[in-house]
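Beneath this line is the structure, given in C-alpha cells, with notes to follow.
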Amino acid sequence: MNLSVLGLNHKTAPVEIREKFSADKNSLHRAFEKLEEYDGLNEVVILSTCNRTEIYSVTADFCEKSAKNFMTDLIGADAEKYFYEYTGEDCIRHLLEVSAGLDSLVLGEGQILSQVKDAYSVAKNSGATDTILNTLFHKAIASGKNVRTETKISYNSVSVASAAVELAAKKIGGLKNLNALIFGAGKMALLTAKYLQVHGVKKIFVANRHFSRAEEMAEKIGGEPVQWEDALKIADDVEVIITSTGAPHYVVKPEPTKKLMERRDGREIFFIDIAVPRDVDPEVGKIPGITLYNIDDLEAVVESHIQARKEEAEAAKKIIAEDVAAIKERFKYLKFQPLMANLSERAEKIREREVRRISHKLPNLTEEERRTMDNMTKMIVRKLLRMPMMRLNASAGTNREKFFTDAMRALFAE
C-alpha cells in the first residue's frame with residue numbers, strides 16, 4: 001500500500017491555474033461516488049482551498065497513476081508540471097505542516113485547520129476513507145491544534161483578508177472616511193469588512209446572490225445590503241471593491257464596469273479579488289481608472305509580516321517532527337491488523353463451535369455455569385494468541401517482520 005499526496009498550491013501554480021482545480025463540496029461528493037472506477041485507489045481525501053488543491057490517497061502498489069488520473073478527471077484539466085507529490089513520511093509531514101499553517105501563503109493562518117477538518121469530514125462521510133487516512137487526519141488535526149496552543153505562530157498573524165485591506169490602504173494612501181463594496185457574505189468577506197472598519201472606512205456595502213445573507217452580514221457590521229444585480233450601479237461613490245465569493249465564474253465583468261467608470265468621470269477605483277476561482281475578469285483591470293489585484297498580489301504584504309513568526313515556525317516544526325514519528329510508529333502496526341483480526345476471528349469461531357458441542361452434551365448446565373464456561377474459553381483463546389500477537393507486533397519495522405508474518409500465516413493457515 002502507498003500513502004501519497006498529489007497537489008498544487010500558491011508556491012507552484014499561479015491563480016489562473018489554481019482556479020481550474022478548485023473543487024466545491026458538490027463536485028467532491030460526485031467524485032467520491034466514482035471512486036470505485038479507479039483501480040487500487042483505496043482511500044482518498046481532497047483538500048481544496050483558495051491556495052491549494054491536494055489529493056491524499058492510499059493506493060495499491062500496482063496503481064501509481066490512479067490518484068493523478070482521479071485528480072485530472074475531477075477537475076477536467078491537466079497541469080502536471082505544476083504538481084508536487086510526496087509519499088510515505090514526506091506525505092505525513094506535509095499534511096501536518098499544512099494543518100499547522102506552515103505551508104500557507106500566510107504563515108500560521110488559522111483558517112486552514114478548519115478547511116482540513118472539513119475536507120476530511122466530506123471524504124469520511126462519503127465513505128472514501130479507512131484506517132490509514134482516518135488515523136493520519138485525526139493526528140494531523142490534533143497536531144495543528146497543538147501547534148497553535150504551544151507556540152505563538154498564529155498570534156497577530158496577517159490573514160488573507162487583512163492583507164487585502166492593508167494592500168488597499170497602502171496603495172490608496174489610507175482608507176479613513178472612504179466607502180467600500182464587498183461581493184460575498186461568507187467568513188472571508190466578514191473578516192474583510194471588520195478589517196476595513198479598523199482602517200476607518202466610513203460605509204460598507206454588501207452584495208450577495210442571496211439578499212438575506214447580505215442583510216445578515218450588513219447587520220453584523222453596520223453596513224448596507226444591496227441587491228446583487230445593483231452592486232456596480234451603486235458603486236459611484238465607492239473607492240474600494242473587494243470580492244470574495246464562491247462563484248465558479250467571473251461576477252465582475254468588463255461591460256458593467258465600463259459603465260461604472262463612465263459615471264465616475266475618471267475617478268479611480270481599486271479592486272482586490274481574493275476569490276479562487278477569481279471573481280473579477282482580468283479584462284476589468286485594463287479599463288482606465290481601475291487598479292486590479294488578485295490573491296497572488298498579496299505576497300509582498302504577507303512577507304513584511306513573516307519575520308516575527310519565523311522563530312515560532314521552528315518551534316512548530318519540532319512539535320510536528322514528534323507527531324510524524326508517532327504516526328509512523330502507529331502505521332507500523334496497522335499493517336498487521338487484518339492478519340491479527342483474521343486469526344482472532346478464526347479462533348473465536350472455533351471456540352464458539354466447541355462451546356456449542358459441549359453444551360449439547362451438558363443440557364443441565366445453569367445459565368450461570370454457561371456464562372462461566374463461555375468466559376473461561378474466551379480467556380483461554382486470548383492467552384493462547386497473546387504471545388504470538390506480541391511477537392508479531394514487536395517485529396514491525398525490523399528485519400524479522402517478514403519472517404513472523406509468514407510464520408503466522410503458515411502456522412495458522414491464514
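Simple scheme: letters A, B, ... for chains in C-alpha cells order, numbers from 1 for residues in each chain, numbers from 1 for ligands in the order shown.
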Exercise for the section: Identify, with DSSP run on backbone atoms, the residues in region 23-80 of chain A assigned to helix (DSSP H, G or I), and express the list as a list in words. Expected result: Lys25, Asn26, Ser27, Leu28, His29, Arg30, Ala31, Phe32, Glu33, Leu35, Glu36, Glu37, Ser66, Ala67, Lys68, Asn69, Phe70, Met71, Thr72, Asp73, Leu74, Ile75 and Glu80 of chain A
Problem - Spatial neighbours of Ala313 (chain A), max dist 9 Å, only C-alpha atoms, sep filter under 2 positions, as a PyMOL selection string - result: chain A and resi 102+107-108+151-153+309-311+315-318
Exercise for the section: Mind checking which residues fall within 7 Å of region 375-382 of chain A, counting only C-alpha atoms, ignoring those fewer than 3 positions away in the same chain, and posting them as number ranges by chain? Expected result: A: 347, 351, 371-372, 385-386
Since we have the selection now, will you write its residues out, keeping all heavy atoms, as a CSV table (one decimal), in the first residue's frame?
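Result saved to part17.csv:
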chain,number,residue,atom,x,y,z
A,347,ALA,N,-10.1,-18.1,15.5
A,347,ALA,CA,-10.1,-18.7,16.9
A,347,ALA,C,-11.4,-18.6,17.6
A,347,ALA,O,-11.8,-19.5,18.2
A,347,ALA,CB,-9.0,-18.0,17.7
A,351,ARG,N,-13.8,-21.6,18.9
A,351,ARG,CA,-14.3,-21.6,20.3
A,351,ARG,C,-15.8,-21.7,20.4
A,351,ARG,O,-16.3,-22.5,21.2
A,351,ARG,CB,-13.8,-20.3,21.0
A,351,ARG,CG,-14.1,-20.2,22.5
A,351,ARG,CD,-14.0,-18.8,23.1
A,351,ARG,NE,-15.1,-18.0,22.6
A,351,ARG,CZ,-16.4,-18.0,23.1
A,351,ARG,NH1,-16.7,-18.8,24.1
A,351,ARG,NH2,-17.3,-17.2,22.6
A,371,ARG,N,-22.4,-19.2,31.4
A,371,ARG,CA,-21.6,-17.9,31.3
A,371,ARG,C,-20.2,-18.1,31.8
A,371,ARG,O,-19.2,-17.6,31.2
A,371,ARG,CB,-22.3,-16.8,32.1
A,371,ARG,CG,-23.5,-16.1,31.4
A,371,ARG,CD,-23.8,-14.8,32.1
A,371,ARG,NE,-24.3,-15.1,33.5
A,371,ARG,CZ,-25.6,-15.3,33.8
A,371,ARG,NH1,-26.5,-15.4,32.8
A,371,ARG,NH2,-26.0,-15.5,35.0
A,372,THR,N,-20.0,-18.9,32.8
A,372,THR,CA,-18.7,-19.2,33.3
A,372,THR,C,-17.8,-19.9,32.3
A,372,THR,O,-16.7,-19.6,32.1
A,372,THR,CB,-18.8,-20.0,34.6
A,372,THR,OG1,-19.5,-19.3,35.6
A,372,THR,CG2,-17.4,-20.3,35.2
A,385,LEU,N,-3.3,-16.7,22.1
A,385,LEU,CA,-2.9,-15.8,21.0
A,385,LEU,C,-2.0,-14.7,21.4
A,385,LEU,O,-1.4,-14.0,20.6
A,385,LEU,CB,-4.2,-15.3,20.3
A,385,LEU,CG,-5.0,-16.2,19.5
A,385,LEU,CD1,-6.2,-15.5,18.9
A,385,LEU,CD2,-4.2,-16.8,18.3
A,386,ARG,N,-2.0,-14.4,22.7
A,386,ARG,CA,-1.3,-13.2,23.2
A,386,ARG,C,0.2,-13.2,22.8
A,386,ARG,O,0.6,-12.2,22.3
A,386,ARG,CB,-1.5,-13.1,24.7
A,386,ARG,CG,-0.9,-11.9,25.3
A,386,ARG,CD,-1.2,-11.7,26.8
A,386,ARG,NE,-0.7,-10.5,27.4
A,386,ARG,CZ,0.5,-10.5,27.9
A,386,ARG,NH1,1.3,-11.6,28.0
A,386,ARG,NH2,1.0,-9.3,28.4
Exercise for the section: Mind listing the strand (DSSP E or B) residues of region 49-281 of chain A, per DSSP on the backbone, as number ranges by chain? Expected result: A: 52-59, 84-87, 179-183, 203-208, 224-227, 240-243, 252, 269-273, 280
Residues within 8 Å of Arg209 (chain A), only C-alpha atoms, excluding chain neighbours under 3 positions, as a short mmCIF file (atom, residue, chain, number, x, y, z; two decimals) with N, CA, C and O atoms, in the first residue's frame:
data_model
loop_
_atom_site.label_atom_id
_atom_site.label_comp_id
_atom_site.auth_asym_id
_atom_site.auth_seq_id
_atom_site.Cartn_x
_atom_site.Cartn_y
_atom_site.Cartn_z
N GLY A 184 -19.86 39.13 -1.68
CA GLY A 184 -19.75 37.93 -0.87
C GLY A 184 -20.17 38.19 0.55
O GLY A 184 -20.09 39.33 1.04
N GLN A 227 -28.80 44.75 -3.54
CA GLN A 227 -29.17 43.66 -4.43
C GLN A 227 -27.98 43.32 -5.33
O GLN A 227 -27.25 44.20 -5.78
N TRP A 228 -27.79 42.03 -5.58
CA TRP A 228 -26.65 41.55 -6.37
C TRP A 228 -26.54 42.26 -7.72
O TRP A 228 -25.48 42.74 -8.09
#
Practice task
For each of A:Ser143, A:Thr87, A:Ser99, A:Ser22, take the minimum atom-to-atom distance to Met71 (chain A), counting only C-alpha atoms, then give the residue where this is smallest.
Solution key: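 Counting only C-alpha atoms, the residue closest to Met71 (chain A) is A:Ser22.
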Exercise for the section: Pick out the closest residue to Ile287 (chain A) from this set: A:Asp323, A:Glu216, A:Glu97, A:Glu255. Count only C-alpha atoms. Expected result: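 That would be A:Glu255, the residue with the smallest distance to Ile287 (chain A).
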Problem - Contacts of Ala13 (chain A) within 8 Å, only C-alpha atoms, excl. fewer than 5 positions in-chain, as a ChimeraX atom specification - result: /A:8,18,82
Expected file contents, prior selection, N, CA and C atoms, as a PDB file, in the first residue's frame:
ATOM      1  N   LEU A   8      -1.166  20.902  -6.011  1.00  0.00           N
ATOM      2  CA  LEU A   8      -0.529  22.145  -6.429  1.00  0.00           C
ATOM      3  C   LEU A   8      -0.975  23.223  -5.445  1.00  0.00           C
ATOM      4  N   ARG A  18      -4.586  27.562 -10.451  1.00  0.00           N
ATOM      5  CA  ARG A  18      -5.223  27.028  -9.240  1.00  0.00           C
ATOM      6  C   ARG A  18      -6.744  27.045  -9.345  1.00  0.00           C
ATOM      7  N   TYR A  82       2.733  21.610 -12.772  1.00  0.00           N
ATOM      8  CA  TYR A  82       2.564  22.383 -11.539  1.00  0.00           C
ATOM      9  C   TYR A  82       2.400  21.488 -10.313  1.00  0.00           C
TER      10      TYR A  82
END
Practice task
Name the residues in contact with region 44-60 of chain A at a cut-off of 7 Å, using only C-alpha atoms, excluding same-chain residues fewer than 4 positions from it; report them as a list in words.
Solution key: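 Those residues are Met1, Asn2, Leu3, Ser4, Val5, Leu6, Gly7, Leu8, Asn9, His10, Arg18, Phe21, Ser22, Ala23, Gly40, Ala67, Val116, Ala119, Tyr120, Ala123, Ala128, Thr129, Ala275 and Val276 of chain A.
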Practice task
Determine, counting only C-alpha atoms, which protein, DNA and RNA residues have an atom within 8 Å of an atom of region 32-38 of chain A; residues of the same chain fewer than 2 positions away are not included. Present the result as an MDAnalysis selection string.
Solution key: chainID A and resid 28:30 40:41 66 70 123 126:128
Would you save the residues of that selection, restricted to C-alpha atoms, as a compact mmCIF listing (two decimals), in the first residue's frame?
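To be explicit, this is the file written out as again34.txt:
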# COMPACT_ATOMS: atom_id res chain seq x y z
CA LEU A 28 -16.29 16.37 -4.28
CA HIS A 29 -19.35 14.26 -3.47
CA ARG A 30 -19.76 13.42 -7.16
CA GLY A 40 -6.38 0.34 -6.46
CA LEU A 41 -7.41 3.79 -5.21
CA SER A 66 -4.68 6.28 -10.13
CA PHE A 70 -8.57 10.87 -10.41
CA ALA A 123 -14.39 12.31 2.50
CA SER A 126 -18.71 9.79 1.60
CA GLY A 127 -17.09 6.51 2.60
CA ALA A 128 -13.79 7.44 0.93
Fill in the blank from the handout: Ile272 (chain A) proximity check over A:Ile17, A:Ala247, A:Ala180, A:Met340, using only C-alpha atoms: winner is A:Ala180
